[in-house]
Amino acid sequence: MKKLLPIGIDSFREIRETDRYYVDKTLVIQDFIEFGDKAALVMRPRCFGKTLNMTTIREFFDITVDSKAIFEGLAIMNTKHASQINSRPVLYLSFKDCKADTAEEMLFQIAKAVAAEYDKYHRAFNGVVDRSKRCYHSFYQVYEKLLDRRIDPNFLLVSLSDLERAVCDYYQLKTIVLIDEYDTPVLSAFEHGYNDELSNFFSGFYGRALKGQDSLHQALLTGIQRVVNGSIFSQLNNLIVYTVCDKPYSQRFGLTVGETGELLSDNGLELSGEVKQKYDGYLFAGTEVYNPGSVLRYADTGELDNYWINTSTNFLISKAISEAGGLFRKSFDKLAAEGAAEVDADLQCSFMELAN
């Protein structure tokens, strides 16, 4: 029998425990370990497996669970790093649903994501730790505010760094911090016009947790683009950024030609010219990559449809195009008329900051 496809499921544990089809991307863990970056950002388009990879890394390292069964038979277990399974505390935040019309609502959404991790470690700390000790005193100060839904920006600003220190002290191990879709709140702030109000918060929130922390082992962020505007990264100049032009991680997000062909074959389809024309749109540092969201939907339905187009808002692209100058319009007209246009692109900026 064919395995069920993981349509709409981005939890590694759920995919493995329900025995759904899984393309083995566990060597992303090997890359994470061997690159050894203190703090890194991997930039990829939407629907390219960012959340699935981040939950894979979380499940592998998380010291609070037993993950051996769900990693059985996978590539990472055949490496020298297999012994590191369930060996470290992990802080995992997903901001992919943090979208809001106002700054107040956005802070509430971020607080909900942070509170989930506080809940997790409160269960471990409860009745065991000395609450008068500085790191736990700070932990419970923030936790009580989160429980009461009192969203004080000053406490929220230090919430992740305070949690990091408390967890490190409890386990006597430096923590791994994973932040999925770090830029969704920032992009939402741009879209709804409150970026100036929250730019200092974003800078402080990420900077305090990811730079100069003795309690941090490694951190990995994912997002669509690097956002420099408003000094978002002014406190995080140690961040290593991997774009679609960089070789590291180039085969870990999205489906390679071989993986795409195998997936389709396993589901009674073939990697035809029509499929290539429809879903093969990327080269990541020379690696030909297919969009996994679209390929999975095609494998499920057998219909060559435009599955990717309605997966997110295009507000910021539309805004950038409307504000772009003559150089952009000239190149865009050439693209439309001739099918190709050569341009210079600065990948250190996002399209909202450098419209041309």
# chains A, B, ... in the order shown; residues from 1 in each chain; ligands from 1
call {"tool": "residues_around", "arguments": {"residues": "A:Leu296", "least_positions_apart": "4", "cutoff": "7 Å", "atoms": "only C-alpha atoms", "output": "ChimeraX atom specification"}}
result
/A:7,292,300
call {"tool": "write_last_selection", "arguments": {"atoms": "all heavy atoms", "output": "short mmCIF file (atom, residue, chain, number, x, y, z; two decimals), in the first residue's frame"}}
result
data_model
loop_
_atom_site.label_atom_id
_atom_site.label_comp_id
_atom_site.auth_asym_id
_atom_site.auth_seq_id
_atom_site.Cartn_x
_atom_site.Cartn_y
_atom_site.Cartn_z
N ILE A 7 0.35 15.92 3.58
CA ILE A 7 -0.22 17.18 3.10
C ILE A 7 -0.64 18.02 4.30
O ILE A 7 -1.45 17.61 5.12
CB ILE A 7 -1.43 16.95 2.18
CG1 ILE A 7 -1.08 16.00 1.03
CG2 ILE A 7 -1.97 18.28 1.67
CD1 ILE A 7 -0.08 16.55 0.07
N PRO A 292 8.57 21.60 -2.62
CA PRO A 292 7.97 20.39 -2.04
C PRO A 292 6.46 20.49 -1.84
O PRO A 292 5.75 19.49 -1.99
CB PRO A 292 8.69 20.24 -0.69
CG PRO A 292 9.20 21.60 -0.38
CD PRO A 292 9.50 22.25 -1.69
N ASP A 300 -0.39 13.80 -4.78
CA ASP A 300 -1.65 13.42 -4.15
C ASP A 300 -2.82 13.42 -5.13
O ASP A 300 -3.65 12.52 -5.12
CB ASP A 300 -1.94 14.38 -2.99
CG ASP A 300 -3.17 13.99 -2.19
OD1 ASP A 300 -3.29 12.81 -1.83
OD2 ASP A 300 -4.00 14.88 -1.91
#
call {"tool": "residues_around", "arguments": {"residues": "A:Tyr136", "least_positions_apart": "2", "cutoff": "10 Å", "atoms": "only C-alpha atoms", "output": "MDAnalysis selection string"}}
result
chainID A and resid 125 129:134 138:142 162:163 165:167 169:170
call {"tool": "write_last_selection", "arguments": {"atoms": "N, CA, C and O atoms", "output": "PDB file, in the first residue's frame"}}
result
ATOM      1  N   PHE A 125      10.540  22.497  36.155  1.00  0.00           N
ATOM      2  CA  PHE A 125      11.050  23.253  37.304  1.00  0.00           C
ATOM      3  C   PHE A 125      10.199  23.082  38.555  1.00  0.00           C
ATOM      4  O   PHE A 125      10.710  23.163  39.674  1.00  0.00           O
ATOM      5  N   VAL A 129      13.207  23.627  41.697  1.00  0.00           N
ATOM      6  CA  VAL A 129      14.202  24.698  41.691  1.00  0.00           C
ATOM      7  C   VAL A 129      14.007  25.657  42.864  1.00  0.00           C
ATOM      8  O   VAL A 129      12.917  25.744  43.447  1.00  0.00           O
ATOM      9  N   ASP A 130      15.051  26.372  43.185  1.00  0.00           N
ATOM     10  CA  ASP A 130      15.013  27.420  44.207  1.00  0.00           C
ATOM     11  C   ASP A 130      14.570  28.721  43.544  1.00  0.00           C
ATOM     12  O   ASP A 130      15.348  29.359  42.835  1.00  0.00           O
ATOM     13  N   ARG A 131      13.328  29.106  43.784  1.00  0.00           N
ATOM     14  CA  ARG A 131      12.767  30.264  43.093  1.00  0.00           C
ATOM     15  C   ARG A 131      13.415  31.577  43.509  1.00  0.00           C
ATOM     16  O   ARG A 131      13.220  32.591  42.841  1.00  0.00           O
ATOM     17  N   SER A 132      14.178  31.574  44.593  1.00  0.00           N
ATOM     18  CA  SER A 132      14.852  32.807  45.000  1.00  0.00           C
ATOM     19  C   SER A 132      16.143  33.030  44.213  1.00  0.00           C
ATOM     20  O   SER A 132      16.696  34.135  44.207  1.00  0.00           O
ATOM     21  N   LYS A 133      16.642  31.973  43.555  1.00  0.00           N
ATOM     22  CA  LYS A 133      17.839  32.115  42.738  1.00  0.00           C
ATOM     23  C   LYS A 133      17.531  33.032  41.566  1.00  0.00           C
ATOM     24  O   LYS A 133      16.443  32.972  40.974  1.00  0.00           O
ATOM     25  N   ARG A 134      18.465  33.870  41.208  1.00  0.00           N
ATOM     26  CA  ARG A 134      18.194  34.954  40.270  1.00  0.00           C
ATOM     27  C   ARG A 134      17.561  34.491  38.960  1.00  0.00           C
ATOM     28  O   ARG A 134      16.569  35.065  38.505  1.00  0.00           O
ATOM     29  N   SER A 138      13.676  35.476  37.833  1.00  0.00           N
ATOM     30  CA  SER A 138      13.333  36.167  36.580  1.00  0.00           C
ATOM     31  C   SER A 138      12.369  35.322  35.751  1.00  0.00           C
ATOM     32  O   SER A 138      11.413  35.849  35.156  1.00  0.00           O
ATOM     33  N   PHE A 139      12.613  34.010  35.713  1.00  0.00           N
ATOM     34  CA  PHE A 139      11.734  33.106  34.974  1.00  0.00           C
ATOM     35  C   PHE A 139      10.296  33.234  35.459  1.00  0.00           C
ATOM     36  O   PHE A 139       9.355  33.399  34.658  1.00  0.00           O
ATOM     37  N   TYR A 140      10.083  33.172  36.771  1.00  0.00           N
ATOM     38  CA  TYR A 140       8.721  33.193  37.300  1.00  0.00           C
ATOM     39  C   TYR A 140       8.086  34.578  37.223  1.00  0.00           C
ATOM     40  O   TYR A 140       6.863  34.688  37.110  1.00  0.00           O
ATOM     41  N   GLN A 141       8.896  35.615  37.269  1.00  0.00           N
ATOM     42  CA  GLN A 141       8.352  36.958  37.049  1.00  0.00           C
ATOM     43  C   GLN A 141       7.698  37.059  35.672  1.00  0.00           C
ATOM     44  O   GLN A 141       6.574  37.540  35.523  1.00  0.00           O
ATOM     45  N   VAL A 142       8.430  36.600  34.662  1.00  0.00           N
ATOM     46  CA  VAL A 142       7.899  36.639  33.295  1.00  0.00           C
ATOM     47  C   VAL A 142       6.736  35.662  33.149  1.00  0.00           C
ATOM     48  O   VAL A 142       5.690  36.005  32.570  1.00  0.00           O
ATOM     49  N   ASP A 162      15.783  35.270  29.348  1.00  0.00           N
ATOM     50  CA  ASP A 162      15.608  34.794  30.722  1.00  0.00           C
ATOM     51  C   ASP A 162      15.288  33.298  30.754  1.00  0.00           C
ATOM     52  O   ASP A 162      15.784  32.555  31.610  1.00  0.00           O
ATOM     53  N   LEU A 163      14.451  32.845  29.834  1.00  0.00           N
ATOM     54  CA  LEU A 163      14.128  31.421  29.747  1.00  0.00           C
ATOM     55  C   LEU A 163      15.389  30.604  29.429  1.00  0.00           C
ATOM     56  O   LEU A 163      15.623  29.543  30.011  1.00  0.00           O
ATOM     57  N   ARG A 165      18.503  31.255  30.155  1.00  0.00           N
ATOM     58  CA  ARG A 165      19.394  31.151  31.318  1.00  0.00           C
ATOM     59  C   ARG A 165      18.862  30.158  32.349  1.00  0.00           C
ATOM     60  O   ARG A 165      19.620  29.370  32.924  1.00  0.00           O
ATOM     61  N   ALA A 166      17.555  30.202  32.595  1.00  0.00           N
ATOM     62  CA  ALA A 166      16.965  29.297  33.585  1.00  0.00           C
ATOM     63  C   ALA A 166      17.087  27.841  33.146  1.00  0.00           C
ATOM     64  O   ALA A 166      17.428  26.955  33.948  1.00  0.00           O
ATOM     65  N   VAL A 167      16.826  27.577  31.884  1.00  0.00           N
ATOM     66  CA  VAL A 167      16.893  26.211  31.361  1.00  0.00           C
ATOM     67  C   VAL A 167      18.328  25.697  31.398  1.00  0.00           C
ATOM     68  O   VAL A 167      18.584  24.531  31.764  1.00  0.00           O
ATOM     69  N   ASP A 169      20.682  26.611  33.474  1.00  0.00           N
ATOM     70  CA  ASP A 169      21.035  26.357  34.866  1.00  0.00           C
ATOM     71  C   ASP A 169      20.441  25.039  35.358  1.00  0.00           C
ATOM     72  O   ASP A 169      21.102  24.260  36.045  1.00  0.00           O
ATOM     73  N   TYR A 170      19.200  24.767  34.974  1.00  0.00           N
ATOM     74  CA  TYR A 170      18.512  23.562  35.444  1.00  0.00           C
ATOM     75  C   TYR A 170      19.184  22.291  34.923  1.00  0.00           C
ATOM     76  O   TYR A 170      19.412  21.341  35.671  1.00  0.00           O
TER      77      TYR A 170
END
call {"tool": "residues_around", "arguments": {"residues": "A:Ala209", "least_positions_apart": "4", "cutoff": "12 Å", "atoms": "only C-alpha atoms", "output": "PyMOL selection string"}}
result
chain A and resi 38-39+91+156-165+175-179+202-205+213-220+235-236
call {"tool": "write_last_selection", "arguments": {"atoms": "C-alpha atoms", "output": "PDB file, in the first residue's frame"}}
result
ATOM      1  CA  LYS A  38      26.599  30.223  17.128  1.00  0.00           C
ATOM      2  CA  ALA A  39      23.611  31.877  15.436  1.00  0.00           C
ATOM      3  CA  LEU A  91      13.815  26.276  22.987  1.00  0.00           C
ATOM      4  CA  LEU A 156       8.481  40.235  26.839  1.00  0.00           C
ATOM      5  CA  LEU A 157      11.703  41.784  25.541  1.00  0.00           C
ATOM      6  CA  VAL A 158      13.795  39.686  27.957  1.00  0.00           C
ATOM      7  CA  SER A 159      11.493  36.651  28.057  1.00  0.00           C
ATOM      8  CA  LEU A 160      13.489  34.462  25.684  1.00  0.00           C
ATOM      9  CA  SER A 161      16.895  35.331  27.160  1.00  0.00           C
ATOM     10  CA  ASP A 162      15.608  34.794  30.722  1.00  0.00           C
ATOM     11  CA  LEU A 163      14.128  31.421  29.747  1.00  0.00           C
ATOM     12  CA  GLU A 164      17.421  30.451  28.136  1.00  0.00           C
ATOM     13  CA  ARG A 165      19.394  31.151  31.318  1.00  0.00           C
ATOM     14  CA  THR A 175      20.611  25.444  25.151  1.00  0.00           C
ATOM     15  CA  ILE A 176      19.737  25.195  21.470  1.00  0.00           C
ATOM     16  CA  VAL A 177      17.371  27.947  20.292  1.00  0.00           C
ATOM     17  CA  LEU A 178      15.265  27.414  17.149  1.00  0.00           C
ATOM     18  CA  ILE A 179      13.106  30.229  15.771  1.00  0.00           C
ATOM     19  CA  PHE A 202      12.376  43.129  17.604  1.00  0.00           C
ATOM     20  CA  SER A 203      16.022  44.168  17.756  1.00  0.00           C
ATOM     21  CA  GLY A 204      16.201  43.716  21.522  1.00  0.00           C
ATOM     22  CA  PHE A 205      14.195  40.485  21.619  1.00  0.00           C
ATOM     23  CA  GLN A 213      24.681  34.580  25.931  1.00  0.00           C
ATOM     24  CA  ASP A 214      26.798  32.147  27.932  1.00  0.00           C
ATOM     25  CA  SER A 215      23.740  29.888  28.158  1.00  0.00           C
ATOM     26  CA  LEU A 216      23.428  29.527  24.355  1.00  0.00           C
ATOM     27  CA  HIS A 217      24.958  26.531  22.567  1.00  0.00           C
ATOM     28  CA  GLN A 218      23.660  27.204  19.049  1.00  0.00           C
ATOM     29  CA  ALA A 219      20.746  29.022  17.439  1.00  0.00           C
ATOM     30  CA  LEU A 220      19.089  28.579  14.058  1.00  0.00           C
ATOM     31  CA  GLN A 235      22.243  43.855  18.158  1.00  0.00           C
ATOM     32  CA  LEU A 236      22.856  40.648  16.226  1.00  0.00           C
TER      33      LEU A 236
END
call {"tool": "closest_residue", "arguments": {"among": "A:Val257, A:Val295, A:Ile33, A:Ala285", "to": "A:His81", "atoms": "only C-alpha atoms"}}
result
A:Ile33
call {"tool": "residues_around", "arguments": {"residues": "A:Gly273", "least_positions_apart": "4", "cutoff": "12 Å", "atoms": "only C-alpha atoms", "output": "PyMOL selection string"}}
result
chain A and resi 261+277-280+304
call {"tool": "write_last_selection", "arguments": {"atoms": "N, CA, C and O atoms", "output": "JSON list (two decimals), in the first residue's frame"}}
result
[["chain", "number", "residue", "atom", "x", "y", "z"],
["A", 261, "GLY", "N", 11.84, 12.66, -8.22],
["A", 261, "GLY", "CA", 11.56, 11.51, -9.08],
["A", 261, "GLY", "C", 11.12, 10.30, -8.27],
["A", 261, "GLY", "O", 10.17, 9.59, -8.64],
["A", 277, "GLN", "N", 8.59, 21.66, -15.99],
["A", 277, "GLN", "CA", 8.19, 22.99, -16.42],
["A", 277, "GLN", "C", 7.36, 23.69, -15.35],
["A", 277, "GLN", "O", 7.46, 24.90, -15.14],
["A", 278, "LYS", "N", 6.56, 22.92, -14.62],
["A", 278, "LYS", "CA", 5.61, 23.49, -13.67],
["A", 278, "LYS", "C", 6.24, 23.80, -12.31],
["A", 278, "LYS", "O", 5.97, 24.82, -11.70],
["A", 279, "TYR", "N", 7.10, 22.89, -11.81],
["A", 279, "TYR", "CA", 7.51, 22.98, -10.40],
["A", 279, "TYR", "C", 9.02, 23.11, -10.16],
["A", 279, "TYR", "O", 9.45, 23.23, -9.03],
["A", 280, "ASP", "N", 9.83, 23.08, -11.24],
["A", 280, "ASP", "CA", 11.28, 23.18, -11.08],
["A", 280, "ASP", "C", 11.69, 24.62, -11.33],
["A", 280, "ASP", "O", 12.01, 25.00, -12.44],
["A", 304, "LEU", "N", -1.69, 18.67, -12.53],
["A", 304, "LEU", "CA", -0.66, 19.72, -12.62],
["A", 304, "LEU", "C", -1.32, 21.08, -12.45],
["A", 304, "LEU", "O", -1.71, 21.73, -13.41]]
call {"tool": "residues_around", "arguments": {"residues": "A:Phe35", "least_positions_apart": "6", "cutoff": "12 Å", "atoms": "only C-alpha atoms", "output": "list in words"}}
result
Val28, Ile29, Gln218, Ala219, Leu220, Ile240, Tyr242, Lys247, Pro248 and Tyr249 of chain A
call {"tool": "select_by_dssp", "arguments": {"residues": "stretch 183-281 of chain A", "states": "strand (DSSP E or B)", "output": "PyMOL selection string"}}
result
chain A and resi 216-223+240-242+255-256+280-281
call {"tool": "write_last_selection", "arguments": {"atoms": "all heavy atoms", "output": "short mmCIF file (atom, residue, chain, number, x, y, z; two decimals), in the first residue's frame"}}
result
data_model
loop_
_atom_site.label_atom_id
_atom_site.label_comp_id
_atom_site.auth_asym_id
_atom_site.auth_seq_id
_atom_site.Cartn_x
_atom_site.Cartn_y
_atom_site.Cartn_z
N LEU A 216 23.79 29.96 25.71
CA LEU A 216 23.43 29.53 24.36
C LEU A 216 24.49 28.61 23.77
O LEU A 216 25.67 28.95 23.72
CB LEU A 216 23.24 30.75 23.45
CG LEU A 216 22.92 30.45 21.97
CD1 LEU A 216 21.56 29.78 21.83
CD2 LEU A 216 22.99 31.73 21.14
N HIS A 217 24.06 27.43 23.30
CA HIS A 217 24.96 26.53 22.57
C HIS A 217 24.97 26.91 21.09
O HIS A 217 26.00 27.30 20.54
CB HIS A 217 24.51 25.09 22.75
CG HIS A 217 25.33 24.10 21.98
ND1 HIS A 217 26.69 23.94 22.19
CD2 HIS A 217 25.00 23.23 20.98
CE1 HIS A 217 27.16 23.02 21.36
NE2 HIS A 217 26.16 22.58 20.62
N GLN A 218 23.81 26.80 20.44
CA GLN A 218 23.66 27.20 19.05
C GLN A 218 22.23 27.69 18.82
O GLN A 218 21.30 27.26 19.52
CB GLN A 218 23.91 26.03 18.09
CG GLN A 218 25.36 25.69 17.84
CD GLN A 218 25.50 24.55 16.83
OE1 GLN A 218 25.63 23.40 17.21
NE2 GLN A 218 25.44 24.89 15.54
N ALA A 219 22.08 28.55 17.82
CA ALA A 219 20.75 29.02 17.44
C ALA A 219 20.60 28.94 15.93
O ALA A 219 21.56 29.17 15.18
CB ALA A 219 20.51 30.46 17.91
N LEU A 220 19.40 28.60 15.48
CA LEU A 220 19.09 28.58 14.06
C LEU A 220 17.75 29.26 13.84
O LEU A 220 16.77 28.97 14.54
CB LEU A 220 19.03 27.15 13.53
CG LEU A 220 18.82 26.99 12.02
CD1 LEU A 220 20.01 27.54 11.25
CD2 LEU A 220 18.59 25.53 11.64
N LEU A 221 17.73 30.19 12.89
CA LEU A 221 16.50 30.88 12.50
C LEU A 221 16.20 30.53 11.05
O LEU A 221 17.11 30.30 10.25
CB LEU A 221 16.64 32.40 12.62
CG LEU A 221 16.73 33.04 14.00
CD1 LEU A 221 18.05 32.74 14.69
CD2 LEU A 221 16.54 34.56 13.88
N THR A 222 14.92 30.50 10.71
CA THR A 222 14.53 30.42 9.31
C THR A 222 13.62 31.59 8.98
O THR A 222 12.96 32.16 9.86
CB THR A 222 13.77 29.12 8.98
OG1 THR A 222 12.54 29.08 9.71
CG2 THR A 222 14.61 27.90 9.30
N GLY A 223 13.59 31.95 7.70
CA GLY A 223 12.72 33.03 7.26
C GLY A 223 12.76 33.15 5.76
O GLY A 223 13.51 32.45 5.07
N ILE A 240 25.16 34.49 11.09
CA ILE A 240 25.60 33.97 9.80
C ILE A 240 24.36 33.73 8.95
O ILE A 240 23.43 33.02 9.38
CB ILE A 240 26.38 32.65 9.97
CG1 ILE A 240 27.55 32.83 10.93
CG2 ILE A 240 26.86 32.14 8.61
CD1 ILE A 240 28.57 33.85 10.50
N VAL A 241 24.31 34.33 7.76
CA VAL A 241 23.13 34.25 6.91
C VAL A 241 23.40 33.37 5.70
O VAL A 241 24.38 33.58 4.98
CB VAL A 241 22.68 35.66 6.45
CG1 VAL A 241 21.44 35.56 5.55
CG2 VAL A 241 22.41 36.56 7.64
N TYR A 242 22.54 32.37 5.49
CA TYR A 242 22.64 31.48 4.34
C TYR A 242 21.49 31.77 3.39
O TYR A 242 20.34 31.47 3.68
CB TYR A 242 22.61 30.02 4.79
CG TYR A 242 23.79 29.62 5.65
CD1 TYR A 242 23.62 29.33 7.00
CD2 TYR A 242 25.08 29.54 5.11
CE1 TYR A 242 24.70 28.97 7.80
CE2 TYR A 242 26.17 29.19 5.90
CZ TYR A 242 25.97 28.90 7.24
OH TYR A 242 27.04 28.54 8.02
N LEU A 255 13.05 19.79 -2.56
CA LEU A 255 13.31 18.44 -3.06
C LEU A 255 14.29 18.48 -4.22
O LEU A 255 14.12 19.23 -5.17
CB LEU A 255 12.01 17.79 -3.52
CG LEU A 255 10.91 17.62 -2.46
CD1 LEU A 255 9.66 17.03 -3.10
CD2 LEU A 255 11.39 16.75 -1.31
N THR A 256 15.34 17.66 -4.13
CA THR A 256 16.28 17.53 -5.24
C THR A 256 15.60 16.77 -6.38
O THR A 256 14.51 16.20 -6.22
CB THR A 256 17.55 16.80 -4.81
OG1 THR A 256 17.20 15.45 -4.45
CG2 THR A 256 18.21 17.49 -3.63
N ASP A 280 9.83 23.08 -11.24
CA ASP A 280 11.28 23.18 -11.08
C ASP A 280 11.69 24.62 -11.33
O ASP A 280 12.01 25.00 -12.44
CB ASP A 280 11.97 22.22 -12.06
CG ASP A 280 13.47 22.43 -12.09
OD1 ASP A 280 14.01 22.92 -11.09
OD2 ASP A 280 14.10 22.09 -13.09
N GLY A 281 11.71 25.43 -10.26
CA GLY A 281 11.97 26.86 -10.46
C GLY A 281 13.20 27.39 -9.76
O GLY A 281 13.41 28.60 -9.74
#
call {"tool": "residues_around", "arguments": {"residues": "A:Gln30", "least_positions_apart": "2", "cutoff": "12 Å", "atoms": "only C-alpha atoms", "output": "PyMOL selection string"}}
result
chain A and resi 25-28+32-36+53+56-57+60-61+75-85+248-249+252
call {"tool": "residues_around", "arguments": {"residues": "A:Gly258", "least_positions_apart": "6", "cutoff": "10 Å", "atoms": "only C-alpha atoms", "output": "ChimeraX atom specification"}}
result
/A:271,288-289
call {"tool": "select_by_dssp", "arguments": {"residues": "stretch 229-351 of chain A", "states": "alpha helix (DSSP H)", "output": "ChimeraX atom specification"}}
result
/A:257-266,273-279,292-301,315-323,326-338
call {"tool": "write_last_selection", "arguments": {"atoms": "C-alpha atoms", "output": "short mmCIF file (atom, residue, chain, number, x, y, z; two decimals), in the first residue's frame"}}
result
data_model
loop_
_atom_site.label_atom_id
_atom_site.label_comp_id
_atom_site.auth_asym_id
_atom_site.auth_seq_id
_atom_site.Cartn_x
_atom_site.Cartn_y
_atom_site.Cartn_z
CA VAL A 257 15.73 16.00 -8.68
CA GLY A 258 16.36 12.50 -7.32
CA GLU A 259 14.03 12.97 -4.36
CA THR A 260 11.29 14.37 -6.59
CA GLY A 261 11.56 11.51 -9.08
CA GLU A 262 11.43 8.90 -6.30
CA LEU A 263 8.45 10.53 -4.58
CA LEU A 264 6.47 10.69 -7.82
CA SER A 265 7.42 7.13 -8.80
CA ASP A 266 6.30 5.84 -5.39
CA GLY A 273 8.92 17.48 -18.83
CA GLU A 274 5.54 18.95 -17.88
CA VAL A 275 6.26 18.45 -14.17
CA LYS A 276 9.70 20.03 -14.57
CA GLN A 277 8.19 22.99 -16.42
CA LYS A 278 5.61 23.49 -13.67
CA TYR A 279 7.51 22.98 -10.40
CA PRO A 292 7.97 20.39 -2.04
CA GLY A 293 4.53 21.83 -1.32
CA SER A 294 3.54 21.77 -4.98
CA VAL A 295 5.12 18.38 -5.70
CA LEU A 296 3.33 16.76 -2.75
CA ARG A 297 -0.01 18.15 -3.89
CA TYR A 298 0.63 16.91 -7.42
CA ALA A 299 1.59 13.46 -6.11
CA ASP A 300 -1.65 13.42 -4.15
CA THR A 301 -4.03 14.59 -6.89
CA PHE A 315 1.09 42.50 -0.17
CA LEU A 316 4.73 43.45 0.27
CA ILE A 317 5.67 42.42 -3.27
CA SER A 318 2.79 44.50 -4.65
CA LYS A 319 3.84 47.43 -2.48
CA ALA A 320 7.47 47.16 -3.58
CA ILE A 321 6.49 47.03 -7.26
CA SER A 322 4.18 50.06 -6.92
CA GLU A 323 6.96 52.10 -5.28
CA GLY A 326 12.26 53.55 -13.52
CA LEU A 327 15.14 51.06 -13.45
CA PHE A 328 12.87 48.36 -12.06
CA ARG A 329 10.07 49.13 -14.53
CA LYS A 330 12.45 49.05 -17.47
CA SER A 331 13.77 45.61 -16.46
CA PHE A 332 10.28 44.35 -15.65
CA ASP A 333 9.00 45.38 -19.10
CA LYS A 334 11.98 43.59 -20.69
CA LEU A 335 11.17 40.46 -18.67
CA ALA A 336 7.53 40.53 -19.76
CA ALA A 337 8.37 41.16 -23.41
CA GLU A 338 11.40 38.92 -23.89
#
call {"tool": "atom_distance", "arguments": {"atom1": "atom CA of A:Tyr194", "atom2": "atom CA of A:Ala103"}}
result
6.1 Å
call {"tool": "atom_distance", "arguments": {"atom1": "atom CA of A:Asp101", "atom2": "atom CA of A:Lys50"}}
result
24.9 Å
call {"tool": "atom_distance", "arguments": {"atom1": "atom CA of A:His192", "atom2": "atom CA of A:Ile224"}}
result
18.1 Å
call {"tool": "decode", "arguments": {"residues": "stretch 296-301 of chain A", "atoms": "all heavy atoms", "output": "PDB file, in the first residue's frame"}}
result
ATOM      1  N   LEU A 296       4.170  17.630  -3.592  1.00  0.00           N
ATOM      2  CA  LEU A 296       3.334  16.765  -2.752  1.00  0.00           C
ATOM      3  C   LEU A 296       1.869  16.826  -3.175  1.00  0.00           C
ATOM      4  O   LEU A 296       1.179  15.799  -3.229  1.00  0.00           O
ATOM      5  CB  LEU A 296       3.475  17.162  -1.280  1.00  0.00           C
ATOM      6  CG  LEU A 296       4.701  16.634  -0.542  1.00  0.00           C
ATOM      7  CD1 LEU A 296       4.813  17.274   0.829  1.00  0.00           C
ATOM      8  CD2 LEU A 296       4.653  15.116  -0.408  1.00  0.00           C
ATOM      9  N   ARG A 297       1.394  18.018  -3.452  1.00  0.00           N
ATOM     10  CA  ARG A 297      -0.007  18.151  -3.887  1.00  0.00           C
ATOM     11  C   ARG A 297      -0.229  17.463  -5.231  1.00  0.00           C
ATOM     12  O   ARG A 297      -1.269  16.824  -5.444  1.00  0.00           O
ATOM     13  CB  ARG A 297      -0.391  19.633  -3.982  1.00  0.00           C
ATOM     14  CG  ARG A 297      -0.454  20.363  -2.644  1.00  0.00           C
ATOM     15  CD  ARG A 297      -1.620  19.906  -1.773  1.00  0.00           C
ATOM     16  NE  ARG A 297      -2.890  20.110  -2.439  1.00  0.00           N
ATOM     17  CZ  ARG A 297      -3.541  21.279  -2.466  1.00  0.00           C
ATOM     18  NH1 ARG A 297      -3.032  22.346  -1.867  1.00  0.00           N
ATOM     19  NH2 ARG A 297      -4.701  21.382  -3.092  1.00  0.00           N
ATOM     20  N   TYR A 298       0.737  17.593  -6.134  1.00  0.00           N
ATOM     21  CA  TYR A 298       0.628  16.913  -7.424  1.00  0.00           C
ATOM     22  C   TYR A 298       0.645  15.398  -7.246  1.00  0.00           C
ATOM     23  O   TYR A 298      -0.145  14.668  -7.863  1.00  0.00           O
ATOM     24  CB  TYR A 298       1.758  17.357  -8.352  1.00  0.00           C
ATOM     25  CG  TYR A 298       1.859  16.535  -9.615  1.00  0.00           C
ATOM     26  CD1 TYR A 298       0.798  16.474 -10.520  1.00  0.00           C
ATOM     27  CD2 TYR A 298       3.011  15.798  -9.905  1.00  0.00           C
ATOM     28  CE1 TYR A 298       0.872  15.705 -11.674  1.00  0.00           C
ATOM     29  CE2 TYR A 298       3.105  15.040 -11.048  1.00  0.00           C
ATOM     30  CZ  TYR A 298       2.034  14.993 -11.937  1.00  0.00           C
ATOM     31  OH  TYR A 298       2.115  14.227 -13.069  1.00  0.00           O
ATOM     32  N   ALA A 299       1.521  14.901  -6.373  1.00  0.00           N
ATOM     33  CA  ALA A 299       1.589  13.458  -6.114  1.00  0.00           C
ATOM     34  C   ALA A 299       0.278  12.951  -5.530  1.00  0.00           C
ATOM     35  O   ALA A 299      -0.125  11.808  -5.768  1.00  0.00           O
ATOM     36  CB  ALA A 299       2.747  13.155  -5.155  1.00  0.00           C
ATOM     37  N   ASP A 300      -0.390  13.800  -4.780  1.00  0.00           N
ATOM     38  CA  ASP A 300      -1.646  13.419  -4.146  1.00  0.00           C
ATOM     39  C   ASP A 300      -2.817  13.416  -5.128  1.00  0.00           C
ATOM     40  O   ASP A 300      -3.653  12.516  -5.115  1.00  0.00           O
ATOM     41  CB  ASP A 300      -1.936  14.383  -2.991  1.00  0.00           C
ATOM     42  CG  ASP A 300      -3.173  13.995  -2.192  1.00  0.00           C
ATOM     43  OD1 ASP A 300      -3.294  12.807  -1.834  1.00  0.00           O
ATOM     44  OD2 ASP A 300      -4.003  14.884  -1.909  1.00  0.00           O
ATOM     45  N   THR A 301      -2.872  14.425  -6.013  1.00  0.00           N
ATOM     46  CA  THR A 301      -4.028  14.587  -6.894  1.00  0.00           C
ATOM     47  C   THR A 301      -3.790  14.104  -8.319  1.00  0.00           C
ATOM     48  O   THR A 301      -4.744  13.780  -9.030  1.00  0.00           O
ATOM     49  CB  THR A 301      -4.439  16.070  -6.964  1.00  0.00           C
ATOM     50  OG1 THR A 301      -3.382  16.820  -7.601  1.00  0.00           O
ATOM     51  CG2 THR A 301      -4.695  16.634  -5.572  1.00  0.00           C
TER      52      THR A 301
END
